[in-house]
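Structure file final-v2.cif; described as mmCIF, C-alpha atoms.
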```cif
data_target
loop_
_atom_site.group_PDB
_atom_site.id
_atom_site.type_symbol
_atom_site.label_atom_id
_atom_site.label_comp_id
_atom_site.auth_asym_id
_atom_site.auth_seq_id
_atom_site.Cartn_x
_atom_site.Cartn_y
_atom_site.Cartn_z
ATOM 1 C CA MET A 1 36.544 -47.716 -29.568
ATOM 2 C CA SER A 2 32.821 -47.835 -28.782
ATOM 3 C CA VAL A 3 32.285 -44.688 -30.866
ATOM 4 C CA TRP A 4 33.688 -46.443 -33.941
ATOM 5 C CA ILE A 5 31.480 -49.460 -33.289
ATOM 6 C CA ALA A 6 28.443 -47.156 -33.104
ATOM 7 C CA ILE A 7 29.494 -45.419 -36.328
ATOM 8 C CA GLY A 8 29.971 -48.766 -38.069
ATOM 9 C CA LEU A 9 26.621 -50.100 -36.900
ATOM 10 C CA THR A 10 24.904 -46.893 -37.977
ATOM 11 C CA ALA A 11 26.492 -47.095 -41.432
ATOM 12 C CA VAL A 12 25.432 -50.733 -41.836
ATOM 13 C CA GLY A 13 21.921 -49.894 -40.616
ATOM 14 C CA CYS A 14 21.605 -47.008 -43.088
ATOM 15 C CA TYR A 15 22.792 -49.236 -45.917
ATOM 16 C CA LEU A 16 20.266 -51.946 -44.991
ATOM 17 C CA VAL A 17 17.395 -49.441 -44.833
ATOM 18 C CA LYS A 18 18.378 -48.124 -48.260
ATOM 19 C CA LEU A 19 18.603 -51.689 -49.615
ATOM 20 C CA ILE A 20 15.180 -52.598 -48.233
ATOM 21 C CA GLY A 21 13.751 -49.477 -49.884
ATOM 22 C CA LEU A 22 15.179 -50.551 -53.230
ATOM 23 C CA LEU A 23 13.732 -54.060 -52.878
ATOM 24 C CA VAL A 24 10.126 -52.839 -52.433
ATOM 25 C CA PRO A 25 8.118 -53.718 -55.558
ATOM 26 C CA ALA A 26 7.133 -50.749 -57.738
ATOM 27 C CA GLY A 27 3.476 -51.794 -57.572
ATOM 28 C CA ALA A 28 3.434 -51.307 -53.810
ATOM 29 C CA LEU A 29 4.765 -47.763 -54.172
ATOM 30 C CA GLU A 30 2.097 -46.803 -56.718
ATOM 31 C CA ARG A 31 -0.823 -47.355 -54.348
ATOM 32 C CA PRO A 32 -2.696 -44.133 -53.485
ATOM 33 C CA LEU A 33 -2.431 -44.707 -49.724
ATOM 34 C CA VAL A 34 1.339 -45.156 -49.919
ATOM 35 C CA GLN A 35 1.701 -42.029 -52.048
ATOM 36 C CA ARG A 36 -0.402 -39.973 -49.609
ATOM 37 C CA LEU A 37 1.618 -41.221 -46.646
ATOM 38 C CA ALA A 38 4.886 -40.521 -48.459
ATOM 39 C CA ALA A 39 3.734 -36.962 -49.125
ATOM 40 C CA LEU A 40 2.647 -36.332 -45.517
ATOM 41 C CA LEU A 41 5.458 -38.083 -43.670
ATOM 42 C CA PRO A 42 8.130 -35.365 -44.107
ATOM 43 C CA VAL A 43 5.696 -32.696 -42.887
ATOM 44 C CA ALA A 44 4.816 -34.755 -39.810
ATOM 45 C CA LEU A 45 8.466 -35.435 -39.015
ATOM 46 C CA LEU A 46 9.392 -31.768 -39.405
ATOM 47 C CA ALA A 47 6.473 -30.712 -37.185
ATOM 48 C CA ALA A 48 7.507 -33.220 -34.506
ATOM 49 C CA LEU A 49 11.118 -32.046 -34.637
ATOM 50 C CA THR A 50 10.035 -28.410 -34.414
ATOM 51 C CA ALA A 51 7.799 -29.116 -31.417
ATOM 52 C CA GLN A 52 10.519 -31.101 -29.664
ATOM 53 C CA GLN A 53 13.141 -28.403 -30.218
ATOM 54 C CA THR A 54 10.768 -25.583 -29.228
ATOM 55 C CA PHE A 55 9.125 -26.963 -26.102
ATOM 56 C CA SER A 56 11.855 -29.170 -24.627
ATOM 57 C CA ALA A 57 14.990 -28.396 -22.644
ATOM 58 C CA GLN A 58 17.012 -31.094 -20.894
ATOM 59 C CA GLY A 59 14.101 -33.509 -21.037
ATOM 60 C CA ALA A 60 11.575 -31.128 -19.478
ATOM 61 C CA LEU A 61 8.644 -29.284 -21.005
ATOM 62 C CA VAL A 62 9.400 -25.549 -21.189
ATOM 63 C CA LEU A 63 7.675 -22.439 -22.458
ATOM 64 C CA ASP A 64 10.224 -19.751 -23.249
ATOM 65 C CA ALA A 65 11.244 -17.287 -25.967
ATOM 66 C CA ARG A 66 11.364 -20.054 -28.576
ATOM 67 C CA ALA A 67 7.602 -20.506 -28.256
ATOM 68 C CA ALA A 68 7.078 -16.801 -28.935
ATOM 69 C CA GLY A 69 9.288 -17.052 -32.006
ATOM 70 C CA LEU A 70 7.339 -20.054 -33.254
ATOM 71 C CA ALA A 71 4.051 -18.227 -32.719
ATOM 72 C CA ALA A 72 5.379 -15.229 -34.631
ATOM 73 C CA ALA A 73 6.523 -17.482 -37.465
ATOM 74 C CA ALA A 74 3.078 -19.105 -37.576
ATOM 75 C CA ALA A 75 1.462 -15.662 -37.773
ATOM 76 C CA ALA A 76 3.800 -14.666 -40.607
ATOM 77 C CA LEU A 77 2.914 -17.881 -42.437
ATOM 78 C CA LEU A 78 -0.792 -17.129 -42.039
ATOM 79 C CA LEU A 79 -0.120 -13.728 -43.623
ATOM 80 C CA ARG A 80 1.568 -15.571 -46.534
ATOM 81 C CA ALA A 81 4.976 -14.005 -45.932
ATOM 82 C CA PRO A 82 7.954 -15.351 -47.896
ATOM 83 C CA PHE A 83 10.068 -18.007 -46.186
ATOM 84 C CA LEU A 84 13.000 -15.725 -45.384
ATOM 85 C CA VAL A 85 10.637 -13.186 -43.834
ATOM 86 C CA VAL A 86 9.081 -15.937 -41.692
ATOM 87 C CA VAL A 87 12.514 -17.001 -40.446
ATOM 88 C CA GLY A 88 13.526 -13.392 -39.844
ATOM 89 C CA VAL A 89 10.364 -12.654 -37.871
ATOM 90 C CA ALA A 90 10.936 -15.735 -35.725
ATOM 91 C CA VAL A 91 14.541 -14.741 -35.031
ATOM 92 C CA VAL A 92 13.703 -11.129 -34.176
ATOM 93 C CA VAL A 93 10.799 -12.037 -31.876
ATOM 94 C CA THR A 94 12.815 -14.747 -30.101
ATOM 95 C CA ALA A 95 15.727 -12.350 -29.578
ATOM 96 C CA ALA A 96 13.430 -9.575 -28.385
ATOM 97 C CA VAL A 97 11.692 -11.811 -25.849
ATOM 98 C CA ARG A 98 15.043 -13.081 -24.583
ATOM 99 C CA ALA A 99 16.351 -9.509 -24.285
ATOM 100 C CA LEU A 100 13.248 -8.320 -22.428
ATOM 101 C CA ALA A 101 13.190 -11.351 -20.133
ATOM 102 C CA GLY A 102 16.894 -11.066 -19.386
ATOM 103 C CA GLY A 103 17.687 -14.578 -20.455
#
```
Please express what this file holds, its structure, as structure tokens.
Amino acid sequence: MSVWIAIGLTAVGCYLVKLIGLLVPAGALERPLVQRLAALLPVALLAALTAQQTFSAQGALVLDARAAGLAAAAAALLLRAPFLVVVGVAVVVTAAVRALAGG
């Protein structure tokens, strides 16, 4: 039963956040600072999620094959590789490090 309560509360919360977003005056959204923050916020959130998923395991800070894959992906990005190549490089390097390390 508590799962359904959590689902219901989450649905209501999402609806309220959406409603609050619709009630913001258009003039407030046209300010340069707000537009800059809106452009940078998704990048910051994605970077934080990537860092959390790469360097965390069961609440502890770890440095494993995922870090090598992320470093390889960063190198591919610096070389201006296409997105699918970047993902492929990250996958191959992560798998290779895991195979060599036995884990």
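CA of Leu70 in chain A is positioned 12.0 Å from CA of Ala95 in chain A.
In this model, the gap between CA of Trp4 in chain A and CA of Leu22 in chain A comes to 27.0 Å.
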Quiz item: Out of A:Val3, A:Leu45, A:Ala68, A:Val12, which residue has the shortest atom-to-atom distance to Thr94 in chain A when counting all atoms listed in the file?
Solution: A:Ala68
Self-check item: Leu100 in chain A surroundings by only C-alpha atoms, 12 Å radius, close-in-sequence under 6 positions cut, as a ChimeraX atom specification
Solution: /A:64-65,93-94
Find the axis-aligned box for range 33-51 of chain A, covering all its listed atoms and adding 8 Å on each side, and write its centre and edge lengths in Å to one decimal as JSON.
```
{"center_x": 4.3, "center_y": -36.8, "center_z": -41.7, "size_x": 29.5, "size_y": 32.7, "size_z": 36.6}
```
Quiz item: Written as a ChimeraX atom specification, which residues does the PyMOL selection byres ((chain A and resi 87-89) around 8) give for the file shown?
Solution: /A:69,72-73,76,83-86,90-93
What would the file be for range 31-58 of chain A if you keep C-alpha atoms and write it as an mmCIF file, in the first residue's frame?
```
data_model
loop_
_atom_site.group_PDB
_atom_site.id
_atom_site.type_symbol
_atom_site.label_atom_id
_atom_site.label_comp_id
_atom_site.auth_asym_id
_atom_site.auth_seq_id
_atom_site.Cartn_x
_atom_site.Cartn_y
_atom_site.Cartn_z
ATOM 1 C CA ARG A 31 15.491 37.616 -18.856
ATOM 2 C CA PRO A 32 19.027 36.858 -20.102
ATOM 3 C CA LEU A 33 20.121 35.323 -16.787
ATOM 4 C CA VAL A 34 17.164 32.933 -16.760
ATOM 5 C CA GLN A 35 17.816 31.929 -20.366
ATOM 6 C CA ARG A 36 21.511 31.270 -19.647
ATOM 7 C CA LEU A 37 20.656 29.183 -16.593
ATOM 8 C CA ALA A 38 18.021 27.249 -18.536
ATOM 9 C CA ALA A 39 20.598 26.463 -21.215
ATOM 10 C CA LEU A 40 23.262 25.323 -18.724
ATOM 11 C CA LEU A 41 21.090 23.426 -16.262
ATOM 12 C CA PRO A 42 20.628 20.234 -18.340
ATOM 13 C CA VAL A 43 24.385 20.021 -18.951
ATOM 14 C CA ALA A 44 25.118 20.408 -15.238
ATOM 15 C CA LEU A 45 22.535 17.794 -14.284
ATOM 16 C CA LEU A 46 23.853 15.330 -16.863
ATOM 17 C CA ALA A 47 27.439 15.892 -15.684
ATOM 18 C CA ALA A 48 26.415 15.315 -12.057
ATOM 19 C CA LEU A 49 24.537 12.141 -12.970
ATOM 20 C CA THR A 50 27.493 10.873 -14.995
ATOM 21 C CA ALA A 51 29.916 11.546 -12.140
ATOM 22 C CA GLN A 52 27.630 9.881 -9.607
ATOM 23 C CA GLN A 53 27.141 6.788 -11.764
ATOM 24 C CA THR A 54 30.845 6.550 -12.651
ATOM 25 C CA PHE A 55 32.522 7.101 -9.296
ATOM 26 C CA SER A 56 29.982 5.670 -6.846
ATOM 27 C CA ALA A 57 29.108 2.126 -5.833
ATOM 28 C CA GLN A 58 26.890 1.347 -2.848
#
```
